[in-house]
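Everything below belongs to work36.pdb, which stores PDB, C-alpha atoms.
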```
MODEL        1
ATOM      1  CA  MET A  27       0.000   0.000   0.000
ATOM      2  CA  LEU A  28       1.000   3.614  -0.499
ATOM      3  CA  GLU A  29      -0.665   6.621   1.173
ATOM      4  CA  GLY A  30      -3.276   4.204   2.520
ATOM      5  CA  LYS A  31      -4.277   3.044  -0.978
ATOM      6  CA  ARG A  32      -3.935  -0.401  -2.537
ATOM      7  CA  VAL A  33      -1.654  -0.408  -5.576
ATOM      8  CA  ALA A  34      -1.450  -2.739  -8.564
ATOM      9  CA  VAL A  35       0.929  -2.886 -11.521
ATOM     10  CA  VAL A  36      -0.092  -4.278 -14.910
ATOM     11  CA  VAL A  37       2.792  -5.772 -16.910
ATOM     12  CA  PRO A  38       1.832  -6.477 -20.552
ATOM     13  CA  ALA A  39       4.237  -9.024 -22.006
ATOM     14  CA  HIS A  40       4.822 -10.542 -25.438
ATOM     15  CA  ASP A  41       7.984 -12.567 -26.070
ATOM     16  CA  GLU A  42       9.865 -11.031 -23.133
ATOM     17  CA  GLU A  43      11.509 -14.185 -21.779
ATOM     18  CA  ALA A  44      14.878 -12.472 -21.294
ATOM     19  CA  LEU A  45      13.691  -9.425 -19.332
ATOM     20  CA  ILE A  46      10.432 -10.321 -17.592
ATOM     21  CA  ALA A  47      12.108 -11.633 -14.413
ATOM     22  CA  GLU A  48      14.251  -8.507 -14.015
ATOM     23  CA  THR A  49      11.215  -6.294 -14.609
ATOM     24  CA  ILE A  50       9.094  -8.046 -11.979
ATOM     25  CA  GLY A  51      11.996  -8.183  -9.541
ATOM     26  CA  GLY A  52      12.393  -4.403  -9.699
ATOM     27  CA  ILE A  53       8.786  -3.581  -8.788
ATOM     28  CA  PRO A  54       8.782  -1.896  -5.332
ATOM     29  CA  GLY A  55       7.427  -3.580  -2.226
ATOM     30  CA  PHE A  56       4.575  -1.114  -1.728
ATOM     31  CA  VAL A  57       2.808  -2.692  -4.737
ATOM     32  CA  ASP A  58       0.083  -5.089  -3.550
ATOM     33  CA  ARG A  59      -0.795  -6.826  -6.826
ATOM     34  CA  ILE A  60       1.100  -7.513 -10.061
ATOM     35  CA  TYR A  61      -0.982  -8.560 -13.070
ATOM     36  CA  VAL A  62       1.329 -10.012 -15.705
ATOM     37  CA  VAL A  63      -0.562 -10.347 -18.986
ATOM     38  CA  ASP A  64       0.907 -12.842 -21.451
ATOM     39  CA  ASP A  65      -0.255 -11.694 -24.880
ATOM     40  CA  ALA A  66       0.172 -15.102 -26.572
ATOM     41  CA  SER A  67       3.976 -15.200 -26.360
ATOM     42  CA  THR A  68       5.767 -17.734 -28.557
ATOM     43  CA  ASP A  69       8.964 -18.005 -26.490
ATOM     44  CA  GLY A  70       9.461 -19.024 -22.871
ATOM     45  CA  THR A  71       7.718 -15.955 -21.406
ATOM     46  CA  ALA A  72       4.726 -17.931 -20.096
ATOM     47  CA  ALA A  73       6.907 -20.438 -18.244
ATOM     48  CA  ARG A  74       8.990 -17.642 -16.713
ATOM     49  CA  MET A  75       5.859 -15.825 -15.587
ATOM     50  CA  HIS A  76       4.467 -18.878 -13.843
ATOM     51  CA  GLN A  77       7.790 -19.392 -12.057
ATOM     52  CA  LEU A  78       7.627 -15.794 -10.852
ATOM     53  CA  SER A  79       4.051 -16.239  -9.607
ATOM     54  CA  GLU A  80       5.176 -19.180  -7.489
ATOM     55  CA  ARG A  81       7.934 -17.111  -5.860
ATOM     56  CA  ASP A  82       5.991 -13.849  -5.461
ATOM     57  CA  ARG A  83       2.438 -14.063  -4.132
ATOM     58  CA  ARG A  84       1.642 -10.639  -5.560
ATOM     59  CA  VAL A  85       1.980 -11.952  -9.124
ATOM     60  CA  GLU A  86      -1.084 -13.138 -11.022
ATOM     61  CA  VAL A  87      -0.725 -14.376 -14.591
ATOM     62  CA  ILE A  88      -3.410 -13.497 -17.144
ATOM     63  CA  ALA A  89      -3.070 -15.307 -20.494
ATOM     64  CA  HIS A  90      -4.413 -14.341 -23.914
ATOM     65  CA  GLU A  91      -5.023 -17.278 -26.250
ATOM     66  CA  ARG A  92      -4.177 -15.100 -29.267
ATOM     67  CA  ASN A  93      -2.096 -11.988 -29.706
ATOM     68  CA  ARG A  94      -4.425  -9.017 -29.237
ATOM     69  CA  GLY A  95      -1.954  -6.150 -28.843
ATOM     70  CA  VAL A  96      -0.360  -4.274 -25.974
ATOM     71  CA  GLY A  97      -3.440  -2.109 -25.416
ATOM     72  CA  ALA A  98      -5.679  -5.153 -25.079
ATOM     73  CA  ALA A  99      -3.214  -6.668 -22.601
ATOM     74  CA  ILE A 100      -3.343  -3.495 -20.515
ATOM     75  CA  VAL A 101      -7.149  -3.519 -20.594
ATOM     76  CA  SER A 102      -7.162  -7.117 -19.314
ATOM     77  CA  GLY A 103      -5.057  -5.975 -16.370
ATOM     78  CA  TYR A 104      -7.262  -2.938 -15.782
ATOM     79  CA  LYS A 105     -10.373  -5.099 -15.696
ATOM     80  CA  ARG A 106      -8.777  -7.379 -13.110
ATOM     81  CA  ALA A 107      -7.860  -4.342 -10.992
ATOM     82  CA  ILE A 108     -11.468  -3.136 -11.166
ATOM     83  CA  GLU A 109     -12.696  -6.578 -10.087
ATOM     84  CA  GLU A 110     -10.423  -6.425  -7.044
ATOM     85  CA  SER A 111     -11.205  -2.726  -6.363
ATOM     86  CA  VAL A 112      -7.548  -1.699  -6.413
ATOM     87  CA  ASP A 113      -7.282   2.031  -5.697
ATOM     88  CA  VAL A 114      -4.382   2.868  -8.048
ATOM     89  CA  THR A 115      -3.241   0.847 -11.058
ATOM     90  CA  ALA A 116       0.067   1.483 -12.818
ATOM     91  CA  ILE A 117       1.525   0.166 -16.075
ATOM     92  CA  MET A 118       5.106  -1.071 -16.454
ATOM     93  CA  ALA A 119       6.339  -2.659 -19.679
ATOM     94  CA  ALA A 120       7.954  -6.088 -19.480
ATOM     95  CA  ASP A 121      11.095  -4.954 -21.340
ATOM     96  CA  ASN A 122      12.636  -3.285 -18.258
ATOM     97  CA  GLN A 123      12.683   0.172 -19.923
ATOM     98  CA  MET A 124      10.768   1.851 -17.087
ATOM     99  CA  ASP A 125      12.708   2.974 -14.022
ATOM    100  CA  PRO A 126      10.975   1.449 -10.946
ATOM    101  CA  GLY A 127      12.316   4.356  -8.925
ATOM    102  CA  ASP A 128       9.785   6.623 -10.670
ATOM    103  CA  LEU A 129       6.797   4.479  -9.743
ATOM    104  CA  GLU A 130       6.257   5.951  -6.266
ATOM    105  CA  ARG A 131       5.999   9.475  -7.640
ATOM    106  CA  LEU A 132       3.371   8.474 -10.217
ATOM    107  CA  VAL A 133       1.306   6.427  -7.775
ATOM    108  CA  SER A 134       1.494   9.021  -4.988
ATOM    109  CA  ALA A 135       0.042  11.748  -7.211
ATOM    110  CA  VAL A 136      -3.009   9.571  -7.870
ATOM    111  CA  ALA A 137      -3.267   8.215  -4.326
ATOM    112  CA  LEU A 138      -3.244  11.758  -2.895
ATOM    113  CA  ASP A 139      -5.970  12.780  -5.401
ATOM    114  CA  GLU A 140      -3.752  15.363  -7.091
ATOM    115  CA  VAL A 141      -4.488  13.820 -10.486
ATOM    116  CA  ASP A 142      -6.646  11.083 -11.965
ATOM    117  CA  TYR A 143      -3.975   9.899 -14.399
ATOM    118  CA  ALA A 144      -0.243  10.350 -13.891
ATOM    119  CA  LYS A 145       2.071   9.831 -16.854
ATOM    120  CA  ALA A 146       5.847   9.601 -17.132
ATOM    121  CA  ASN A 147       7.543  12.014 -19.514
ATOM    122  CA  ARG A 148      10.994  10.983 -20.765
ATOM    123  CA  LEU A 149      11.454  14.232 -22.696
ATOM    124  CA  PHE A 150      11.697  16.468 -19.609
ATOM    125  CA  THR A 151      15.306  15.502 -18.980
ATOM    126  CA  GLY A 152      18.274  16.463 -21.134
ATOM    127  CA  GLN A 153      19.157  12.760 -21.385
ATOM    128  CA  ALA A 154      16.319  11.992 -23.791
ATOM    129  CA  TRP A 155      18.051  13.142 -26.984
ATOM    130  CA  GLN A 156      21.203  11.174 -26.093
ATOM    131  CA  LEU A 157      19.490   7.977 -24.923
ATOM    132  CA  ILE A 158      16.404   7.554 -27.111
ATOM    133  CA  PRO A 159      17.093   6.354 -30.681
ATOM    134  CA  ARG A 160      16.805   9.302 -33.066
ATOM    135  CA  THR A 161      14.044   7.883 -35.262
ATOM    136  CA  ARG A 162      11.926   6.980 -32.224
ATOM    137  CA  TYR A 163      12.542  10.414 -30.694
ATOM    138  CA  LEU A 164      11.398  12.219 -33.845
ATOM    139  CA  GLY A 165       8.440   9.886 -34.332
ATOM    140  CA  ASN A 166       7.454  10.501 -30.703
ATOM    141  CA  ALA A 167       7.683  14.271 -31.228
ATOM    142  CA  VAL A 168       5.329  14.148 -34.230
ATOM    143  CA  LEU A 169       2.803  11.923 -32.475
ATOM    144  CA  SER A 170       2.989  14.020 -29.290
ATOM    145  CA  LEU A 171       1.991  17.143 -31.235
ATOM    146  CA  LEU A 172      -0.898  15.335 -32.918
ATOM    147  CA  THR A 173      -1.984  13.861 -29.575
ATOM    148  CA  LYS A 174      -2.138  17.326 -27.998
ATOM    149  CA  ILE A 175      -4.583  18.437 -30.684
ATOM    150  CA  ALA A 176      -6.618  15.222 -30.681
ATOM    151  CA  SER A 177      -6.840  14.777 -26.896
ATOM    152  CA  GLY A 178      -7.134  18.368 -25.694
ATOM    153  CA  TYR A 179      -4.319  17.831 -23.173
ATOM    154  CA  TRP A 180      -2.100  20.572 -24.518
ATOM    155  CA  GLN A 181       0.182  20.448 -21.456
ATOM    156  CA  VAL A 182       1.022  16.759 -21.958
ATOM    157  CA  ALA A 183       3.989  15.547 -24.016
ATOM    158  CA  ASP A 184       5.767  12.222 -24.688
ATOM    159  CA  SER A 185       2.481  10.704 -25.795
ATOM    160  CA  GLN A 186       4.053   7.276 -26.430
ATOM    161  CA  SER A 187       5.089   6.793 -22.818
ATOM    162  CA  GLY A 188       3.136   3.875 -21.378
ATOM    163  CA  TYR A 189       4.459   4.351 -17.835
ATOM    164  CA  THR A 190       1.286   5.551 -16.112
ATOM    165  CA  ALA A 191      -0.896   5.341 -13.006
ATOM    166  CA  VAL A 192      -4.676   5.750 -12.897
ATOM    167  CA  SER A 193      -7.338   5.871 -10.199
ATOM    168  CA  LEU A 194     -10.024   3.223  -9.719
ATOM    169  CA  GLU A 195     -12.756   5.866 -10.069
ATOM    170  CA  THR A 196     -11.425   6.880 -13.484
ATOM    171  CA  LEU A 197     -11.121   3.297 -14.730
ATOM    172  CA  ARG A 198     -14.739   2.665 -13.827
ATOM    173  CA  LEU A 199     -15.833   5.637 -15.946
ATOM    174  CA  LEU A 200     -14.045   4.553 -19.106
ATOM    175  CA  ASP A 201     -15.381   2.238 -21.791
ATOM    176  CA  LEU A 202     -12.184   0.186 -21.828
ATOM    177  CA  ASP A 203     -13.245  -2.064 -24.700
ATOM    178  CA  ARG A 204     -13.517   0.967 -26.982
ATOM    179  CA  ILE A 205      -9.900   2.080 -26.538
ATOM    180  CA  TYR A 206      -7.458   1.155 -29.322
ATOM    181  CA  PRO A 207      -5.902  -2.248 -28.508
ATOM    182  CA  ARG A 208      -2.404  -1.842 -29.983
ATOM    183  CA  TYR A 209       0.504   0.613 -29.952
ATOM    184  CA  GLY A 210      -1.814   3.616 -30.160
ATOM    185  CA  PHE A 211      -3.351   2.761 -26.786
ATOM    186  CA  PRO A 212      -1.638   5.600 -24.782
ATOM    187  CA  ASN A 213      -2.771   8.170 -27.363
ATOM    188  CA  ASP A 214      -6.359   6.949 -27.517
ATOM    189  CA  MET A 215      -6.457   6.641 -23.720
ATOM    190  CA  LEU A 216      -5.799  10.386 -23.424
ATOM    191  CA  VAL A 217      -8.635  11.134 -25.864
ATOM    192  CA  HIS A 218     -11.059   9.094 -23.754
ATOM    193  CA  LEU A 219      -9.813  10.615 -20.498
ATOM    194  CA  ASN A 220     -10.432  14.123 -21.798
ATOM    195  CA  VAL A 221     -14.082  13.352 -22.553
ATOM    196  CA  TRP A 222     -14.489  12.633 -18.816
ATOM    197  CA  ASN A 223     -12.453  15.739 -17.831
ATOM    198  CA  ALA A 224      -9.872  13.595 -16.061
ATOM    199  CA  ARG A 225      -6.963  15.468 -14.514
ATOM    200  CA  VAL A 226      -3.735  14.419 -16.251
ATOM    201  CA  ARG A 227      -0.177  15.485 -15.503
ATOM    202  CA  ASP A 228       3.301  14.573 -16.743
ATOM    203  CA  PHE A 229       6.088  13.623 -14.331
ATOM    204  CA  PRO A 230       9.797  13.521 -15.258
ATOM    205  CA  SER A 231      11.155  10.035 -15.863
ATOM    206  CA  ARG A 232      14.605   8.786 -16.792
ATOM    207  CA  PRO A 233      14.626   7.033 -20.185
ATOM    208  CA  ILE A 234      16.222   3.564 -20.193
ATOM    209  CA  TYR A 235      17.472   1.948 -23.400
ATOM    210  CA  GLY A 236      20.063  -0.621 -24.369
ATOM    211  CA  VAL A 237      19.229  -3.219 -21.691
ATOM    212  CA  GLY A 238      18.608  -6.012 -24.187
ATOM    213  CA  GLU A 239      15.089  -5.076 -25.257
ATOM    214  CA  ARG A 240      13.876  -5.851 -28.771
ATOM    215  CA  SER A 241      11.486  -3.262 -30.125
ATOM    216  CA  GLY A 242       8.655  -4.546 -32.290
ATOM    217  CA  ILE A 243       7.766  -1.016 -33.389
ATOM    218  CA  ARG A 244       8.121  -0.204 -37.090
ATOM    219  CA  LEU A 245       7.793   3.572 -37.329
ATOM    220  CA  TRP A 246       6.888   3.578 -41.030
ATOM    221  CA  LYS A 247       3.815   1.545 -40.095
ATOM    222  CA  VAL A 248       3.045   2.850 -36.622
ATOM    223  CA  VAL A 249       3.206   6.620 -37.212
ATOM    224  CA  PRO A 250       0.649   6.688 -40.096
ATOM    225  CA  ALA A 251      -1.647   4.242 -38.266
ATOM    226  CA  ILE A 252      -1.622   6.225 -35.015
ATOM    227  CA  SER A 253      -1.951   9.511 -36.911
ATOM    228  CA  TRP A 254      -5.165   8.253 -38.545
ATOM    229  CA  LEU A 255      -6.337   6.975 -35.159
ATOM    230  CA  LEU A 256      -5.809  10.464 -33.718
ATOM    231  CA  VAL A 257      -7.735  12.116 -36.573
ATOM    232  CA  LYS A 258     -10.719   9.882 -35.815
ATOM    233  CA  GLY A 259     -10.260  10.391 -32.074
ATOM    234  CA  PHE A 260     -10.199  14.162 -32.518
ATOM    235  CA  PHE A 261     -13.621  14.285 -34.198
ATOM    236  CA  TRP A 262     -15.029  11.707 -31.769
ATOM    237  CA  ARG A 263     -13.899  13.844 -28.822
ATOM    238  CA  LEU A 264     -15.414  17.008 -30.293
ATOM    239  CA  ARG A 265     -18.739  15.255 -30.745
ATOM    240  CA  GLU A 266     -18.782  13.549 -27.340
ATOM    241  CA  LYS A 267     -17.452  16.429 -25.253
ATOM    242  CA  TYR A 268     -18.598  19.593 -27.000
ATOM    243  CA  VAL A 269     -21.836  18.489 -28.667
ATOM    244  CA  ILE A 270     -23.395  15.543 -26.808
ATOM    245  CA  ARG A 271     -22.250  16.039 -23.207
ATOM    246  CA  ASP A 272     -21.973  19.829 -23.163
ATOM    247  CA  PHE A 273     -22.160  22.376 -25.966
ATOM    248  CA  HIS A 274     -19.238  24.651 -26.807
ATOM    249  CA  PRO A 275     -19.085  27.100 -29.760
ATOM    250  CA  LEU A 276     -15.566  25.961 -30.667
ATOM    251  CA  VAL A 277     -17.180  23.264 -32.847
ATOM    252  CA  PHE A 278     -18.412  26.012 -35.158
ATOM    253  CA  PHE A 279     -14.933  27.543 -35.322
ATOM    254  CA  TYR A 280     -13.417  24.178 -36.227
ATOM    255  CA  PHE A 281     -16.160  23.546 -38.805
ATOM    256  CA  PHE A 282     -15.730  26.868 -40.585
ATOM    257  CA  GLY A 283     -11.947  26.666 -40.235
ATOM    258  CA  PHE A 284     -11.752  23.271 -41.922
ATOM    259  CA  LEU A 285     -14.386  24.170 -44.521
ATOM    260  CA  MET A 286     -12.684  27.404 -45.607
ATOM    261  CA  THR A 287      -9.236  25.825 -45.629
ATOM    262  CA  LEU A 288     -10.399  22.921 -47.802
ATOM    263  CA  LEU A 289     -12.239  25.255 -50.178
ATOM    264  CA  GLY A 290      -9.189  27.500 -50.397
ATOM    265  CA  LEU A 291      -6.857  24.582 -51.090
ATOM    266  CA  GLY A 292      -9.204  23.083 -53.645
ATOM    267  CA  LEU A 293      -9.702  26.355 -55.495
ATOM    268  CA  GLY A 294      -5.988  27.111 -55.287
ATOM    269  CA  ILE A 295      -5.036  23.769 -56.844
ATOM    270  CA  ALA A 296      -7.619  24.316 -59.596
ATOM    271  CA  GLU A 297      -6.101  27.743 -60.331
ATOM    272  CA  ILE A 298      -2.602  26.255 -60.561
ATOM    273  CA  VAL A 299      -3.777  23.586 -62.997
ATOM    274  CA  LEU A 300      -5.668  26.111 -65.145
ATOM    275  CA  ARG A 301      -2.666  28.431 -65.142
ATOM    276  CA  ALA A 302      -0.387  25.573 -66.214
ATOM    277  CA  LEU A 303      -2.756  24.915 -69.113
ATOM    278  CA  GLY A 304      -2.355  28.515 -70.278
ATOM    279  CA  ASN A 305      -5.572  30.009 -68.936
ATOM    280  CA  GLN A 306      -5.737  33.466 -67.384
ATOM    281  CA  ILE A 307      -6.764  33.619 -63.717
ATOM    282  CA  PRO A 308      -8.830  36.659 -62.635
ATOM    283  CA  THR A 309      -7.332  38.704 -59.814
ATOM    284  CA  ALA A 310     -10.572  38.415 -57.862
ATOM    285  CA  THR A 311     -10.236  34.610 -57.828
ATOM    286  CA  ILE A 312      -6.681  34.824 -56.475
ATOM    287  CA  VAL A 313      -7.884  37.185 -53.743
ATOM    288  CA  LEU A 314     -10.726  34.780 -52.898
ATOM    289  CA  VAL A 315      -8.280  31.908 -52.430
ATOM    290  CA  ALA A 316      -6.112  34.029 -50.137
ATOM    291  CA  LEU A 317      -9.124  35.118 -48.065
ATOM    292  CA  LEU A 318     -10.372  31.541 -47.726
ATOM    293  CA  LEU A 319      -6.986  30.264 -46.550
ATOM    294  CA  ILE A 320      -6.407  33.152 -44.132
ATOM    295  CA  SER A 321      -9.923  32.944 -42.704
ATOM    296  CA  GLY A 322      -9.707  29.148 -42.423
ATOM    297  CA  SER A 323      -6.439  29.320 -40.500
ATOM    298  CA  GLN A 324      -7.810  32.024 -38.179
ATOM    299  CA  PHE A 325     -10.977  30.065 -37.402
ATOM    300  CA  THR A 326      -8.913  26.928 -36.717
ATOM    301  CA  LEU A 327      -6.450  28.738 -34.442
ATOM    302  CA  PHE A 328      -9.290  30.332 -32.471
ATOM    303  CA  ALA A 329     -10.880  26.886 -32.062
ATOM    304  CA  MET A 330      -7.578  25.507 -30.706
ATOM    305  CA  TRP A 331      -7.326  28.427 -28.303
ATOM    306  CA  PHE A 332     -10.878  27.783 -27.049
ATOM    307  CA  ASP A 333      -9.986  24.107 -26.578
ATOM    308  CA  MET A 334      -6.855  25.020 -24.600
ATOM    309  CA  GLU A 335      -8.836  27.340 -22.348
ATOM    310  CA  SER A 336     -11.561  24.748 -21.809
ATOM    311  CA  ASN A 337      -8.996  22.168 -20.652
ATOM    312  CA  ARG A 338      -6.624  24.473 -18.792
ATOM    313  CA  ASP A 339      -7.664  23.243 -15.325
ATOM    314  CA  LEU A 340      -7.152  19.548 -16.147
ATOM    315  CA  GLY A 341      -3.467  19.610 -15.209
ATOM    316  CA  GLY A 342      -4.138  18.368 -11.686
ATOM    317  CA  ARG A 343      -4.835  19.363  -8.065
ATOM    318  CA  GLY A 344      -8.312  20.740  -8.777
ATOM    319  CA  ARG A 345     -11.411  18.553  -8.677
ATOM    320  CA  ARG A 346     -12.497  16.918 -11.919
ATOM    321  CA  ARG A 347     -15.401  18.586 -13.714
ATOM    322  CA  MET A 348     -18.004  15.972 -14.580
TER     323      MET A 348
ENDMDL
END
```
Could the structure of this file be written out as C-alpha cells, please?
Amino acid sequence: MLEGKRVAVVVPAHDEEALIAETIGGIPGFVDRIYVVDDASTDGTAARMHQLSERDRRVEVIAHERNRGVGAAIVSGYKRAIEESVDVTAIMAADNQMDPGDLERLVSAVALDEVDYAKANRLFTGQAWQLIPRTRYLGNAVLSLLTKIASGYWQVADSQSGYTAVSLETLRLLDLDRIYPRYGFPNDMLVHLNVWNARVRDFPSRPIYGVGERSGIRLWKVVPAISWLLVKGFFWRLREKYVIRDFHPLVFFYFFGFLMTLLGLGLGIAEIVLRALGNQIPTATIVLVALLLISGSQFTLFAMWFDMESNRDLGGRGRRRM
C-alpha cells in the first residue's frame, strides 16, 4: 500500500523471456498486486511468468489465447484491478525500460488525489536526446503534437510513454473495450480521459534503453496508423465532449476553419492547374483563395485556443469537472 491506498501494476508481455524476471523483480514492495498479462507469447515468457508467480504471491498471470496487442493486454489488467477494487493501477512494460524508482511518484500523485492519471515524460530531462534512438525520438515528437490536438491535453507531451498510473474511479468511468488495442493505446487513452475531464499530468522520468530489449515497433507503419487513429479520435472527442455532453461554440470555429481551408486549397489547386494549361486567372479569384486560406487558418487557431482554455484546469490538483 501507499498513502493508505492499494496499488497494482499491470505488466503487458509478449515474447519477453529475457527481461520479464528482471522487470518483476524491480517492482517496489509497496505494490500489492502484479498482473502479468501474457499476450500469446511464442517463447518461454509464459513459463517464466508462472515461475515468478510461485515465488511472489503478488503476481497473477493473465493469459491471452491469441495476440491481441499491448493495449488489449493493458485492458485485461485494468479489468482485473477493477474486479479487485484496487485504488491505483500502474503500467510497467515487461522490457525493463521503465525505471521502478519513478513508480512511487506516479502512484502518490493519484493516491493523494492530485491527479486522476499520472504519466511519465521521458522528454523532460536532457538525457532523452542522447538515450532515445533518433528515429523513435522524432516519431514521438510528431505523435505528441498530434496527440495534444486530438486529446485536448495541450500540457502533456511524450504521448508514447506507457508508464502511467490511474485511479479506480477513473477506470470505472471509461469504456475500456472501446480504446485502441495496440501501440496507439496511450494516445487513444488520453482522448477518452479528456471526454471525462480527467486530470492528467506529466512527471519527469529517466529514459532507459540498451538493456537487451527488442522493439517490435516499425515507425513507417506505426506513425501513419496512429496519426489516422488520432484524426478519428479528434472528431469523436469534439462530438462527445462539446456536442453531446456539453455544448461549446468551438465546434463552429473548427467547422468553418476546416471548410474554408479545404475550399481554399481546392480552389488554389484548380487555379494552378488552369494556369499551367495557359488560362488566365482573374485577380478576384486569387484574392478569394487568399481570403479563404487566411480565414480558415484564423478560425482553426481560435478553435484551438478555445480548446486550450476549456482544458486548462485539467493539469491536476483541482477537482475533476463531470
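Put simply, CA of Thr287 in chain A is 28.1 Å away from CA of Lys247 in chain A.
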Would you kindly identify which residues have an atom no farther than 10 Å from (-4.2, 4.5, -10.5), using only C-alpha atoms and the file's own coordinates, and write them out as a tab-separated table (two decimals) with C-alpha atoms, in the frame of the given file?
```tsv
chain	number	residue	atom	x	y	z
A	31	LYS	CA	-4.28	3.04	-0.98
A	32	ARG	CA	-3.94	-0.40	-2.54
A	33	VAL	CA	-1.65	-0.41	-5.58
A	34	ALA	CA	-1.45	-2.74	-8.56
A	35	VAL	CA	0.93	-2.89	-11.52
A	104	TYR	CA	-7.26	-2.94	-15.78
A	107	ALA	CA	-7.86	-4.34	-10.99
A	112	VAL	CA	-7.55	-1.70	-6.41
A	113	ASP	CA	-7.28	2.03	-5.70
A	114	VAL	CA	-4.38	2.87	-8.05
A	115	THR	CA	-3.24	0.85	-11.06
A	116	ALA	CA	0.07	1.48	-12.82
A	117	ILE	CA	1.52	0.17	-16.08
A	132	LEU	CA	3.37	8.47	-10.22
A	133	VAL	CA	1.31	6.43	-7.78
A	134	SER	CA	1.49	9.02	-4.99
A	135	ALA	CA	0.04	11.75	-7.21
A	136	VAL	CA	-3.01	9.57	-7.87
A	137	ALA	CA	-3.27	8.22	-4.33
A	139	ASP	CA	-5.97	12.78	-5.40
A	141	VAL	CA	-4.49	13.82	-10.49
A	142	ASP	CA	-6.65	11.08	-11.96
A	143	TYR	CA	-3.98	9.90	-14.40
A	144	ALA	CA	-0.24	10.35	-13.89
A	190	THR	CA	1.29	5.55	-16.11
A	191	ALA	CA	-0.90	5.34	-13.01
A	192	VAL	CA	-4.68	5.75	-12.90
A	193	SER	CA	-7.34	5.87	-10.20
A	194	LEU	CA	-10.02	3.22	-9.72
A	195	GLU	CA	-12.76	5.87	-10.07
A	196	THR	CA	-11.42	6.88	-13.48
A	197	LEU	CA	-11.12	3.30	-14.73
```
Evaluate the PyMOL selection byres ((chain A and resi 338) around 10) and record the selected residues as a CSV table (one decimal) with C-alpha atoms, in the coordinates of the input, following the chain and residue labels used in the document.
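The resulting file, part-v4.csv, is shown below:
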```csv
chain,number,residue,atom,x,y,z
A,178,GLY,CA,-7.1,18.4,-25.7
A,179,TYR,CA,-4.3,17.8,-23.2
A,180,TRP,CA,-2.1,20.6,-24.5
A,181,GLN,CA,0.2,20.4,-21.5
A,225,ARG,CA,-7.0,15.5,-14.5
A,332,PHE,CA,-10.9,27.8,-27.0
A,333,ASP,CA,-10.0,24.1,-26.6
A,334,MET,CA,-6.9,25.0,-24.6
A,335,GLU,CA,-8.8,27.3,-22.3
A,336,SER,CA,-11.6,24.7,-21.8
A,337,ASN,CA,-9.0,22.2,-20.7
A,339,ASP,CA,-7.7,23.2,-15.3
A,340,LEU,CA,-7.2,19.5,-16.1
A,341,GLY,CA,-3.5,19.6,-15.2
A,342,GLY,CA,-4.1,18.4,-11.7
```
Using only the atoms of range 92-102 of chain A listed in the file, plus 6 Å on each side, state the axis-aligned box centre and edge lengths in Å rounded to one decimal, as AutoDock Vina command-line options.
```
--center_x -3.8 --center_y -8.6 --center_z -24.5 --size_x 18.8 --size_y 25.0 --size_z 22.4
```
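For the pair CA of Tyr189 in chain A and CA of Leu169 in chain A, the interatomic distance is 16.6 Å.
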